[in-house]
Structure formats: C-alpha cells, structure tokens
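Below you'll find the structure, written out as structure tokens, and then a few comments.
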There are 2 protein chains.
Amino acid sequence: MAAASAPGKVILFGEHAVVSGTPALGSAVDLRATAEIVEAPGSLLVEVSDLNLTVEGFSVDLLTGDIKSSFAADAMRSTRYVSAVLREFDARDLKVKISSQIPPGSGLGSSAAITVSTLAALSKHLGLDMSREDLAKSSHRIEKEMQKGLGSPMDTALSVFGGYQLVSRQVESVTLPPIELVVGYTRMPHDTWSEVQKVQSLRSAHPEVVDSIFRAIGAISKKAVVLLGEEKLPELGALMNVNHGLLDALGVNTRELSELIYAARGAGGVLGAKLTGAGGGGCMVALPGDRSIEAIVTAIRQARGIAFKVRTGCEGVRLEPCSRS
Amino acid sequence: MAAASAPGKVILFGEHAVVSGTPALGSAVDLRATAEIVEAPGSLLVEVSDLNLTVEGFSVDLLTGDIKSSFAADAMRSTRYVSAVLREFDARDLKVKISSQIPPGSGLGSSAAITVSTLAALSKHLGLDMSREDLAKSSHRIEKEMQKGLGSPMDTALSVFGGYQLVSRQVESVTLPPIELVVGYTRMPHDTWSEVQKVQSLRSAHPEVVDSIFRAIGAISKKAVVLLGEEKLPELGALMNVNHGLLDALGVNTRELSELIYAARGAGGVLGAKLTGAGGGGCMVALPGDRSIEAIVTAIRQARGIAFKVRTGCEGVRLEPCSRS
C-alpha cells in the first residue's frame with residue numbers, strides 16, 4: 001500500500017508562443033489529485049472519484065474492461081493515464097484509487113497530476129524509490145505518448161516539482177511569491193492538439209503577423225516574471241489583459257471564455273484576466289485585487305462558469321498517508 | 001439655396017497602429033449625411049433630423065442658443081461642427097438643415113460627413129466653388145480644431161473623396177472592389193481621444209510589447225489591401241479576426257463589442273469580424289460570406305446591437321437637389 005498526491009497547474013503567461021522558443025510561466029496550484037495503491041490479488045482495477053465536476057465516480061476493471069457506475073466520457077480519459085503507468089511497470093494484483101479535485105479536460109493539468117501521483121505511489125508501493133527527476137522524466141514520456149507526441153513538459157514538471165516553472169525547450173524552476181487567483185472553467189473541454197494546429201496553420205499563412213504576436217507574448221512573459229517577483233500585481237494584471245488579446249489574435253479564444261473574462265473584469269477590484277492554457281475551451285484565470293475574490297467568484301458563476309479559488313506556487317508531488325478502507 | 005451629401009466610413013484594418021506610421025485602410029460607406037442651406041434673413045439656425053438612432057430631431061438657434069424639441073446629448077454634438085463651418089465663413093441669414101443616416105458618436109464618421117456636406121453646400125451657396133482638395137483641407141482643419149487637435153485625416157478624406165483610402169501620415173486613394181459588410185453598433189458612444197490616450201500609456205509602459213503589436217497590425221493592413229484587391233474574402237475575414245485580437249490586446253475592446261462580434265461569428269457563413277475605429281464602444285464590422293447577411297443582421301440584433309448593411313467604396317461628397325420645403 002502507498003499513496004501520493006500531485007498538484008494541478010495554471011499557465012500564467014506565454015501559452016502558444018512557446019513554440020517560438022519564448023518561455024511560458026506556469027505555476028502549481030492547490031488543486032490536487034491523489035492516487036492510492038491497494039493490493040488486490042488477481043485483479044487490476046482503477047477507481048475514480050471526486051473529479052470536482054459533474055462526475056459521480058466510477059470504476060473500471062482493466063482486465064475485463066468492465067465499467068461500474070455511470071461516468072462522463074471526459075473523466076474516463078483519466079484512467080488511460082493510470083493504465084499507461086501500470087503498463088510501464090507491468091503492475092498486477094492491485095487497485096488504484098484516484099481522487100482528484102482537478103476537473104478533467106479543463107487545461108488545469110488533471111492528467112499530469114493523475115499520472116505523477118500514480119507513478120509516485122506505485123514507485124513507493126514497488127519499493128523503487130524513484131527520484132523527482134525520474135518521476136518528471138517518466139511522467140513526461142507517458143504524457144507525450146498519450147498526447148500524440150505533443151505534451152509539453154510544463155504540466156508534469158509543475159506536478160512533480162511544484163512552485164513556478166519557466167518552460168521553453170527546457171524547464172527551469174523560478175522562485176516567486178505565491179498569489180491568489182480565481183480560475184473560471186467554461187465547462188467546455190478543449191483539445192490542446194487542435195488549438196496548437198490552428199496556431200501553426202495561421203503561422204504558415206501569415207508568418208510575419210504571427211511572429212510579431214509571439215514576440216509581444218515573449219516580451220510579456222519576461223516582464224511578468226520581474227513584476228511578479230516585485231509583487232507589482234496591478235501591472236501584472238494589466239499584462240494579463242494584453243496577453244489575453246494576443247491569444248485572441250491567435251484564434252484560441254472562444255465566446256464562452258470571453259464571457260467569463262468580461263464577467264470577471266466587470267467585478268469590482270479585478271486586476272486582470274486571461275484565458276489559461278491552450279484555449280478553445282477550458283479555463284480563464286483572474287487576478288484579484290484587495291478583497292475582490294468573492295466578487296469575482298460570484299461574477300464567474302453568474303456567467304455560468306465554474307469558479308475555483310486557487311493559490312499558486314504550491315508543493316509538488318508528495319507521499320500521503322493511506323486511507324483506512 | 002444649395003444642398004450636398006457626404007458619406008460615413010468604416011475603418012477596415014490598422015486602427016491605432018497608425019501612430020507608428022503603418023497605414024490604416026478605411027472605406028466610405030453608403031450611409032450619408034445631407035446638408036441643405038436655406039436663406040433665412042435675420043437668423044442662423046441648425047435643424048437636425050433623422051440621425052438613424054433614438055433621436056427624434058431638434059433645432060438650435062445659434063444666435064439665441066435656443067433649443068427646440070428634445071434631443072440626445074450625443075446628437076447635439078453634430079451642431080458644433082455645423083456651427084464651426086458657419087463661423088469659418090462668417091455666414092449669416094441662413095438655416096442649415098442636416099439629415100443624417102449615420103449614428104452620431106458611433107465611430108462611423110458622422111461628424112466628418114456633417115462637416116463636409118455642410119461645407120460643400122455652403123461653398124455652393126456662397127458661390128465659392130471650392131475644389132475637393134480645398135474641401136478636404138478645410139474640413140480636416142475644422143475637425144482637428146473640434147477634436148482637441150487629434151482628428152486623423154481619415155474621416156474627412158473618405159467623406160470628400162469616397163472610395164478607399166490608406167491613411168498614415170499622408171492620405172492615399174486606393175482602387176479596390178466594393179464589398180458588403182454588416183456593421184453592428186453597440187449603442188455605446190466612445191471617446192476617440194481617451195482610447196488613443198489609453199494605447200499611448202500602454203505603449204509608454206511596455207514599448208517592446210506594443211511595438212510588436214503595431215508591427216503585427218501593420219503586416220495585416222498590407223496583406224489586407226492585396227487580398228481585397230484579389231477578392232480573397234475568406235482570407236480577408238480571417239485577418240479581421242486576428243486584427244480584432246490585437247486591438248483587444250491594446251485594451252480598446254469592450255464587453256459589448258465582444259458580444260456583438262461573437263454573435264456575428266456565431267451566425268452561419270460569416271468570414272470574420274472585428275471592432276472598427278477607436279474602440280471603447282462604437283461599432284464592430286462583420287464580413288459576410290455567401291447569403292449570410294441576414295443571419296448576421298439577426299444575430300447582432302439578438303445580441304441587442306443596431307445592425308446596418310453597408311456597401312464599401314461609395315461615392316464621396318456630391319451636390320444634391322434642394323428639397324421643396
């Protein structure tokens with residue numbers, strides 16, 4: 001028996017421009033996925049609960065393919081990552097109990113957190129004692145295999161190491177103060193791959209336009225690291241708004257994201273708001289000013305989004321005590 | 001007695017980036033303002049009607065300051081331009097009857113069309129026979145005086161010469177085919193001056209970000225002229241979407257503009273949509289594909305905007321027959 005938890009993430013600045021070599025800034029947040037490995041002779045079972053959404057929980061028997069209880073197709077995907085980890089170690093005779101606070105398909109790093117926590121728990125269970133670097137490498141390789149070769153190292157690095165990470169071709173930890181954010185989920189799942197394709201085809205058609213946009217995004221990411229380090233939050237918020245417009249120019253904004261963003265901006269005291277991640281659905285993120293968090297949460301819910309208060313810069317993967325069941 | 005009419009305009013590409021020297025592309029549209037000069041011994045009267053809005057019409061006695069009938073504050077501004085033209089020529093003993101299809105304060109060039117048509121009618125009435133070049137120069141000077149020294153020559157040039165104009169430091173006529181557009185008015189008047197200030201202060205804070213955005217907008221304007229010349233409308237529409245995102249990044253988009261734009265984009269067959277002009281309110285413009293005009297008009301109206309079908313590349317200022325009244 002063993003258990004581990006790992007955090008989800010938000011991308012704060014620099015989405016998509018990453019392909020041109022400019023770093024994107026991401027942070028681990030205090031929404032976590034927990035994986036618990038329990039001995040179960042003769043079976044290989046994945047049990048999923050608490051996906052912080054409309055999902056009630058379900059279980060899948062990977063030997064027979066048997067699905068117990070109802071489930072949302074989206075949440076179902078999470079078992080694919082667990083299954084990939086188990087295959088990696090040829091694991092048998094056990095049950096993996098996944099419980100996650102991260103809505104799947106929302107761009108908040110649900111699959112990375114599930115992969116990393118499962119890997120860490122399994123490593124402990126099998127007595128492998130993998131280092132954080134090993135966990136980061138393995139989980140990134142697994143994510144990449146599952147995501148048509150795409151998979152930036154951002155999600156798994158944040159899930160393993162926590163804190164803030166600057167990601168371009170490499171991954172670099174940066175020490176920055178934690179902040180509070182409000183994340184708004186559109187309830188629209190998105191497909192990172194198709195959003196990346198969309199931007200690539202715009203770039204092929206109009207390289208001089210898109211490269212200027214990437215340069216502007218790159219300049220914002222650089223400044224943002226400095227401003228966040230100095231805790232100049234109003235200036236940081238203003239750059240979130242500019243970055244959002246640039247993502248809109250790249251064609252990855254949607255009506256639903258825009259509605260949540262304007263709802264948040266309409267709440268008194270908000271410092272800035274932008275879509276986070278690949279776009280085409282998923283989440284937006286708002287930076288609250290003094291005592292404006294509740295107003296932003298309310299505004300996002302009124303606009304029919306799902307609102308989460310999150311804290312950035314949180315701890316990466318860690319072992320957890322096993323439940324008594 | 002004399003009468004003249006002059007067209008309103010839309011800016012198709014390149015707003016705001018103009019300050020960095022890249023040209024913006026504007027077009028005269030088939031919404032016109034008409035000015036009629038009637039002898040009226042002992043008085044100096046401006047009568048305004050049909051502002052294509054919520055305005056019922058009103059009249060102002062410039063000698064006594066007497067206002068007859070109710071009016072919207074916005075529409076009232078139009079008399080200031082007429083008054084400035086009359087002052088220019090020390091005109092007396094006459095009545096100017098303005099009738100306009102262009103909503104005032106919407107960014108569709110209402111004040112330029114009123115200024116130019118009044119100037120042309122007065123020139124005819126006084127037997128001055130001003131050339132088009134004279135009309136363009138005088139009307140631009142008057143607009144500039146009225147608009148805190150801002151006033152790009154775009155509006156008055158389009159109102160005088162019609163067609164399409166590329167405007168940067170100079171004004172250049174370009175021959176391009178007419179197209180049909182749907183304009184959506186948010187009913188939110190805007191202040192060009194404050195939007196220009198907003199962009200300038202963003203540029204001072206983050207020159208490397210804003211200059212990259214201006215370069216992207218400049219590249220779009222250049223491509224747009226070529227694509228419109230070749231009547232490649234789907235490609236042109238895609239660039240409208242990109243240009244809109246860049247204007248959003250500059251901070252001149254609004255919730256209301258965004259709602260009309262997403263409404264238009266949600267209508268089947270639309271090729272692209274963007275805000276037009278300074279932003280901060282005013283209008284958006286959508287490029288319809290085959291047989292999609294009515295769907296776009298409906299979508300904009302459903303989103304509580306005022307929709308106009310317009311045709312670009314229209315005739316500039318022209319003399320009109322006087323009414324019989």
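Every chain in the structure tokens has a letter given in the order shown (A, B, ...), and although residue numbers restart at 1 in each chain, ligands are simply numbered from 1 in the order shown.
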Handout entry: Long-range neighbours of Gly313 (chain B) as an MDAnalysis selection string, 6 Å cut-off, only C-alpha atoms, 6 positions minimum in chain
Key = chainID B and resid 27:28 163:164 178
What does the file look like for those residues with N, CA and C atoms, as an mmCIF file, in the first residue's frame?
data_model
loop_
_atom_site.group_PDB
_atom_site.id
_atom_site.type_symbol
_atom_site.label_atom_id
_atom_site.label_comp_id
_atom_site.auth_asym_id
_atom_site.auth_seq_id
_atom_site.Cartn_x
_atom_site.Cartn_y
_atom_site.Cartn_z
ATOM 1 N N SER B 27 -12.833 52.898 -45.642
ATOM 2 C CA SER B 27 -13.690 52.968 -46.821
ATOM 3 C C SER B 27 -14.906 53.840 -46.542
ATOM 4 N N ALA B 28 -15.318 54.603 -47.562
ATOM 5 C CA ALA B 28 -16.604 55.301 -47.492
ATOM 6 C C ALA B 28 -17.717 54.271 -47.613
ATOM 7 N N GLY B 163 -14.663 56.181 -51.896
ATOM 8 C CA GLY B 163 -13.817 55.037 -52.233
ATOM 9 C C GLY B 163 -13.100 54.470 -51.025
ATOM 10 N N TYR B 164 -11.858 54.025 -51.260
ATOM 11 C CA TYR B 164 -10.995 53.512 -50.194
ATOM 12 C C TYR B 164 -9.818 54.470 -50.025
ATOM 13 N N PRO B 178 -15.754 47.110 -54.329
ATOM 14 C CA PRO B 178 -16.698 47.294 -53.219
ATOM 15 C C PRO B 178 -17.075 45.941 -52.622
#
Mind running chain A against chain B at 12 Å and telling me each contacting residue's nearest atom pair with the distance in Å (one decimal), counting only C-alpha atoms, chain and number ascending, as JSON lines?
{"residue": "A:Lys198", "atom": "CA", "partner": "B:Ala238", "partner_atom": "CA", "distance": 11.9}
{"residue": "A:Val199", "atom": "CA", "partner": "B:Val242", "partner_atom": "CA", "distance": 11.1}
{"residue": "A:Ser201", "atom": "CA", "partner": "B:Ala238", "partner_atom": "CA", "distance": 11.8}
{"residue": "A:Leu202", "atom": "CA", "partner": "B:Ala238", "partner_atom": "CA", "distance": 9.1}
{"residue": "A:Arg203", "atom": "CA", "partner": "B:Val242", "partner_atom": "CA", "distance": 11.4}
{"residue": "A:Ala205", "atom": "CA", "partner": "B:Glu235", "partner_atom": "CA", "distance": 9.3}
{"residue": "A:His206", "atom": "CA", "partner": "B:Ile220", "partner_atom": "CA", "distance": 8.5}
{"residue": "A:Pro207", "atom": "CA", "partner": "B:Ala219", "partner_atom": "CA", "distance": 9.7}
{"residue": "A:Glu208", "atom": "CA", "partner": "B:Ala219", "partner_atom": "CA", "distance": 6.7}
{"residue": "A:Val209", "atom": "CA", "partner": "B:Ala216", "partner_atom": "CA", "distance": 4.5}
{"residue": "A:Val210", "atom": "CA", "partner": "B:Ala216", "partner_atom": "CA", "distance": 7.2}
{"residue": "A:Asp211", "atom": "CA", "partner": "B:Ala216", "partner_atom": "CA", "distance": 8.0}
{"residue": "A:Ser212", "atom": "CA", "partner": "B:Ser212", "partner_atom": "CA", "distance": 5.2}
{"residue": "A:Ile213", "atom": "CA", "partner": "B:Ile213", "partner_atom": "CA", "distance": 6.3}
{"residue": "A:Phe214", "atom": "CA", "partner": "B:Ser212", "partner_atom": "CA", "distance": 8.6}
{"residue": "A:Arg215", "atom": "CA", "partner": "B:Ser212", "partner_atom": "CA", "distance": 6.4}
{"residue": "A:Ala216", "atom": "CA", "partner": "B:Val209", "partner_atom": "CA", "distance": 4.5}
{"residue": "A:Ile217", "atom": "CA", "partner": "B:Val209", "partner_atom": "CA", "distance": 7.4}
{"residue": "A:Gly218", "atom": "CA", "partner": "B:Val209", "partner_atom": "CA", "distance": 8.4}
{"residue": "A:Ala219", "atom": "CA", "partner": "B:Val209", "partner_atom": "CA", "distance": 5.8}
{"residue": "A:Ile220", "atom": "CA", "partner": "B:Val209", "partner_atom": "CA", "distance": 6.6}
{"residue": "A:Ser221", "atom": "CA", "partner": "B:Val209", "partner_atom": "CA", "distance": 10.2}
{"residue": "A:Lys222", "atom": "CA", "partner": "B:Val209", "partner_atom": "CA", "distance": 10.6}
{"residue": "A:Lys223", "atom": "CA", "partner": "B:His206", "partner_atom": "CA", "distance": 8.9}
{"residue": "A:Ala224", "atom": "CA", "partner": "B:His206", "partner_atom": "CA", "distance": 11.3}
{"residue": "A:Glu235", "atom": "CA", "partner": "B:Ala205", "partner_atom": "CA", "distance": 9.3}
{"residue": "A:Leu236", "atom": "CA", "partner": "B:His206", "partner_atom": "CA", "distance": 11.7}
{"residue": "A:Ala238", "atom": "CA", "partner": "B:Leu202", "partner_atom": "CA", "distance": 9.1}
{"residue": "A:Leu239", "atom": "CA", "partner": "B:Ala249", "partner_atom": "CA", "distance": 9.0}
{"residue": "A:Met240", "atom": "CA", "partner": "B:Ala249", "partner_atom": "CA", "distance": 9.3}
{"residue": "A:Asn241", "atom": "CA", "partner": "B:Ala249", "partner_atom": "CA", "distance": 6.6}
{"residue": "A:Val242", "atom": "CA", "partner": "B:Ala249", "partner_atom": "CA", "distance": 4.2}
{"residue": "A:Asn243", "atom": "CA", "partner": "B:Ala249", "partner_atom": "CA", "distance": 6.5}
{"residue": "A:His244", "atom": "CA", "partner": "B:Ala249", "partner_atom": "CA", "distance": 6.6}
{"residue": "A:Gly245", "atom": "CA", "partner": "B:Ala249", "partner_atom": "CA", "distance": 3.8}
{"residue": "A:Leu246", "atom": "CA", "partner": "B:Ala249", "partner_atom": "CA", "distance": 5.6}
{"residue": "A:Leu247", "atom": "CA", "partner": "B:Gly245", "partner_atom": "CA", "distance": 7.3}
{"residue": "A:Asp248", "atom": "CA", "partner": "B:Gly245", "partner_atom": "CA", "distance": 4.7}
{"residue": "A:Ala249", "atom": "CA", "partner": "B:Gly245", "partner_atom": "CA", "distance": 3.8}
{"residue": "A:Leu250", "atom": "CA", "partner": "B:Val242", "partner_atom": "CA", "distance": 6.4}
{"residue": "A:Gly251", "atom": "CA", "partner": "B:Val242", "partner_atom": "CA", "distance": 6.9}
{"residue": "A:Val252", "atom": "CA", "partner": "B:Gly245", "partner_atom": "CA", "distance": 10.1}
{"residue": "A:Asn253", "atom": "CA", "partner": "B:Gly245", "partner_atom": "CA", "distance": 9.0}
{"residue": "A:Thr254", "atom": "CA", "partner": "B:Tyr262", "partner_atom": "CA", "distance": 8.3}
{"residue": "A:Arg255", "atom": "CA", "partner": "B:Tyr262", "partner_atom": "CA", "distance": 5.9}
{"residue": "A:Glu256", "atom": "CA", "partner": "B:Tyr262", "partner_atom": "CA", "distance": 9.5}
{"residue": "A:Leu257", "atom": "CA", "partner": "B:Tyr262", "partner_atom": "CA", "distance": 11.1}
{"residue": "A:Ser258", "atom": "CA", "partner": "B:Ser258", "partner_atom": "CA", "distance": 7.7}
{"residue": "A:Glu259", "atom": "CA", "partner": "B:Arg255", "partner_atom": "CA", "distance": 8.0}
{"residue": "A:Leu260", "atom": "CA", "partner": "B:Arg255", "partner_atom": "CA", "distance": 10.5}
{"residue": "A:Ile261", "atom": "CA", "partner": "B:Arg255", "partner_atom": "CA", "distance": 9.1}
{"residue": "A:Tyr262", "atom": "CA", "partner": "B:Arg255", "partner_atom": "CA", "distance": 5.9}
{"residue": "A:Ala263", "atom": "CA", "partner": "B:Arg255", "partner_atom": "CA", "distance": 8.6}
{"residue": "A:Ala264", "atom": "CA", "partner": "B:Arg255", "partner_atom": "CA", "distance": 11.0}
{"residue": "A:Arg265", "atom": "CA", "partner": "B:Arg255", "partner_atom": "CA", "distance": 9.3}
{"residue": "A:Gly266", "atom": "CA", "partner": "B:Arg255", "partner_atom": "CA", "distance": 8.9}
{"residue": "A:Gly272", "atom": "CA", "partner": "B:Gly251", "partner_atom": "CA", "distance": 11.3}
{"residue": "A:Ala273", "atom": "CA", "partner": "B:Ala249", "partner_atom": "CA", "distance": 11.7}
{"residue": "A:Lys274", "atom": "CA", "partner": "B:Ala249", "partner_atom": "CA", "distance": 10.6}
Exercise for the section: Could you jot down the CA of Leu275 (chain A) to CA of Asp191 (chain A) separation for me, Å, one decimal place? Expected result: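 Between these atoms lies a distance of 14.4 Å.
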Practice task
Could you jot down the CA of Ala112 (chain B) to CA of Lys9 (chain B) separation for me, Å, one decimal place?
Solution key: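 One can read the CA of Ala112 (chain B) to CA of Lys9 (chain B) distance as 9.2 Å.
Proximity ranking of A:Phe13, A:Tyr185, A:Tyr81, A:Phe89 relative to Lys144 (chain A) places A:Tyr81 first, based on only C-alpha atoms.
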Exercise for the section: Would you kindly return, as a list in words, each protein, DNA or RNA residue with an atom no farther than 7 Å from any atom of Lys97 (chain B), considering only C-alpha atoms and excluding same-chain residues fewer than 2 positions away? Expected result: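 My reading of the contact set: Ala35, Glu36, Ile37, Val46, Glu47, Val48, Lys95 and Ser99 of chain B.
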Please produce a file of those selected residues containing N, CA, C and O atoms, as a PDB file, in the first residue's frame.
ATOM      1  N   ALA B  35     -26.632  68.042 -46.051  1.00  0.00           N
ATOM      2  CA  ALA B  35     -26.794  69.398 -45.512  1.00  0.00           C
ATOM      3  C   ALA B  35     -27.473  70.255 -46.574  1.00  0.00           C
ATOM      4  O   ALA B  35     -27.084  70.221 -47.745  1.00  0.00           O
ATOM      5  N   GLU B  36     -28.481  70.997 -46.154  1.00  0.00           N
ATOM      6  CA  GLU B  36     -29.158  71.890 -47.091  1.00  0.00           C
ATOM      7  C   GLU B  36     -29.122  73.297 -46.503  1.00  0.00           C
ATOM      8  O   GLU B  36     -29.415  73.492 -45.319  1.00  0.00           O
ATOM      9  N   ILE B  37     -28.699  74.246 -47.327  1.00  0.00           N
ATOM     10  CA  ILE B  37     -28.640  75.638 -46.871  1.00  0.00           C
ATOM     11  C   ILE B  37     -29.849  76.376 -47.435  1.00  0.00           C
ATOM     12  O   ILE B  37     -30.085  76.334 -48.650  1.00  0.00           O
ATOM     13  N   VAL B  46     -29.730  75.844 -37.052  1.00  0.00           N
ATOM     14  CA  VAL B  46     -29.349  74.493 -37.470  1.00  0.00           C
ATOM     15  C   VAL B  46     -30.489  73.550 -37.101  1.00  0.00           C
ATOM     16  O   VAL B  46     -30.940  73.537 -35.957  1.00  0.00           O
ATOM     17  N   GLU B  47     -30.930  72.793 -38.067  1.00  0.00           N
ATOM     18  CA  GLU B  47     -32.042  71.878 -37.853  1.00  0.00           C
ATOM     19  C   GLU B  47     -31.522  70.472 -38.142  1.00  0.00           C
ATOM     20  O   GLU B  47     -30.952  70.234 -39.209  1.00  0.00           O
ATOM     21  N   VAL B  48     -31.678  69.569 -37.194  1.00  0.00           N
ATOM     22  CA  VAL B  48     -31.124  68.224 -37.367  1.00  0.00           C
ATOM     23  C   VAL B  48     -32.242  67.194 -37.325  1.00  0.00           C
ATOM     24  O   VAL B  48     -33.110  67.261 -36.460  1.00  0.00           O
ATOM     25  N   LYS B  95     -30.410  79.048 -42.762  1.00  0.00           N
ATOM     26  CA  LYS B  95     -30.740  77.876 -41.959  1.00  0.00           C
ATOM     27  C   LYS B  95     -30.031  76.675 -42.589  1.00  0.00           C
ATOM     28  O   LYS B  95     -30.041  76.527 -43.819  1.00  0.00           O
ATOM     29  N   SER B  99     -29.638  66.262 -42.284  1.00  0.00           N
ATOM     30  CA  SER B  99     -30.334  64.987 -42.124  1.00  0.00           C
ATOM     31  C   SER B  99     -29.293  63.898 -42.359  1.00  0.00           C
ATOM     32  O   SER B  99     -28.546  63.940 -43.329  1.00  0.00           O
TER      33      SER B  99
END
With a distance cut-off of 7 Å and only C-alpha atoms, select the neighbouring residues of Ser43 (chain B), excluding the residue or stretch itself and same-chain residues fewer than 2 positions from it, and output the selection as a tab-separated table (two decimals) with all heavy atoms, in the first residue's frame.
chain	number	residue	atom	x	y	z
B	40	ALA	N	-32.47	82.53	-44.69
B	40	ALA	CA	-33.35	82.79	-43.55
B	40	ALA	C	-32.93	84.13	-42.94
B	40	ALA	O	-32.21	84.16	-41.94
B	40	ALA	CB	-33.24	81.67	-42.52
B	41	PRO	N	-33.37	85.24	-43.56
B	41	PRO	CA	-32.92	86.57	-43.15
B	41	PRO	C	-33.09	86.79	-41.64
B	41	PRO	O	-34.12	86.45	-41.08
B	41	PRO	CB	-33.82	87.52	-43.95
B	41	PRO	CG	-34.25	86.72	-45.14
B	41	PRO	CD	-34.34	85.30	-44.67
B	45	LEU	N	-29.72	79.25	-38.05
B	45	LEU	CA	-30.43	78.13	-37.44
B	45	LEU	C	-29.85	76.81	-37.95
B	45	LEU	O	-29.51	76.68	-39.12
B	45	LEU	CB	-31.90	78.23	-37.84
B	45	LEU	CG	-32.96	77.64	-36.92
B	45	LEU	CD1	-33.02	78.40	-35.60
B	45	LEU	CD2	-34.31	77.67	-37.62
B	92	ARG	N	-24.26	84.21	-42.30
B	92	ARG	CA	-25.44	84.75	-41.59
B	92	ARG	C	-26.69	84.57	-42.43
B	92	ARG	O	-26.61	84.20	-43.59
B	92	ARG	CB	-25.25	86.26	-41.35
B	92	ARG	CG	-24.13	86.54	-40.40
B	92	ARG	CD	-23.96	87.99	-40.01
B	92	ARG	NE	-22.74	88.07	-39.22
B	92	ARG	CZ	-22.66	87.76	-37.92
B	92	ARG	NH1	-23.73	87.37	-37.27
B	92	ARG	NH2	-21.51	87.82	-37.28
B	93	ASP	N	-27.82	84.81	-41.81
B	93	ASP	CA	-29.10	84.83	-42.52
B	93	ASP	C	-29.40	83.54	-43.26
B	93	ASP	O	-29.81	83.55	-44.43
B	93	ASP	CB	-29.15	86.02	-43.52
B	93	ASP	CG	-28.91	87.36	-42.80
B	93	ASP	OD1	-29.41	87.50	-41.65
B	93	ASP	OD2	-28.20	88.21	-43.36
B	94	LEU	N	-29.15	82.44	-42.57
B	94	LEU	CA	-29.48	81.18	-43.22
B	94	LEU	C	-29.81	80.08	-42.21
B	94	LEU	O	-29.54	80.20	-41.01
B	94	LEU	CB	-28.35	80.73	-44.16
B	94	LEU	CG	-26.92	80.69	-43.62
B	94	LEU	CD1	-26.70	79.43	-42.81
B	94	LEU	CD2	-25.94	80.72	-44.81
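Within region 122-297 of chain A, DSSP applied to the backbone places the following residues in strand (DSSP E or B): A:Gly162, A:Tyr164, A:Gln165, A:Leu166, A:Val167, A:Val171, A:Glu172, A:Ser173, A:Val174, A:Glu180, A:Leu181, A:Val182, A:Val183, A:Gly184, A:Tyr185, A:Val270, A:Leu271, A:Gly272, A:Ala273, A:Lys274, A:Leu275, A:Thr276, A:Cys283, A:Met284, A:Val285, A:Ala286, A:Leu287, A:Pro288.
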Save out the residues we just selected, C-alpha atoms, as a PDB file, in the first residue's frame.
ATOM      1  CA  GLY A 162       5.558  22.325  -7.707  1.00  0.00           C
ATOM      2  CA  TYR A 164       6.709  28.074 -10.547  1.00  0.00           C
ATOM      3  CA  GLN A 165       8.355  26.782 -13.713  1.00  0.00           C
ATOM      4  CA  LEU A 166       9.542  28.615 -16.812  1.00  0.00           C
ATOM      5  CA  VAL A 167       9.160  26.263 -19.749  1.00  0.00           C
ATOM      6  CA  VAL A 171      12.241  23.571 -17.771  1.00  0.00           C
ATOM      7  CA  GLU A 172      13.577  26.000 -15.193  1.00  0.00           C
ATOM      8  CA  SER A 173      12.373  26.451 -11.622  1.00  0.00           C
ATOM      9  CA  VAL A 174      11.860  30.067 -10.596  1.00  0.00           C
ATOM     10  CA  GLU A 180      -4.268  34.014  -5.083  1.00  0.00           C
ATOM     11  CA  LEU A 181      -6.167  33.604  -8.329  1.00  0.00           C
ATOM     12  CA  VAL A 182      -9.689  32.828  -9.401  1.00  0.00           C
ATOM     13  CA  VAL A 183      -9.956  30.191 -12.107  1.00  0.00           C
ATOM     14  CA  GLY A 184     -13.142  30.060 -14.186  1.00  0.00           C
ATOM     15  CA  TYR A 185     -13.958  26.877 -16.066  1.00  0.00           C
ATOM     16  CA  VAL A 270     -10.106  42.724 -10.506  1.00  0.00           C
ATOM     17  CA  LEU A 271      -6.568  43.461 -11.749  1.00  0.00           C
ATOM     18  CA  GLY A 272      -6.629  41.430 -14.956  1.00  0.00           C
ATOM     19  CA  ALA A 273      -7.956  38.294 -16.623  1.00  0.00           C
ATOM     20  CA  LYS A 274      -6.934  35.985 -19.437  1.00  0.00           C
ATOM     21  CA  LEU A 275      -7.567  32.549 -20.823  1.00  0.00           C
ATOM     22  CA  THR A 276      -5.104  29.990 -19.493  1.00  0.00           C
ATOM     23  CA  CYS A 283     -10.344  27.835 -18.259  1.00  0.00           C
ATOM     24  CA  MET A 284      -9.658  31.508 -17.728  1.00  0.00           C
ATOM     25  CA  VAL A 285      -7.843  32.993 -14.784  1.00  0.00           C
ATOM     26  CA  ALA A 286      -8.404  36.300 -12.997  1.00  0.00           C
ATOM     27  CA  LEU A 287      -6.036  38.158 -10.688  1.00  0.00           C
ATOM     28  CA  PRO A 288      -7.994  39.653  -7.787  1.00  0.00           C
TER      29      PRO A 288
END
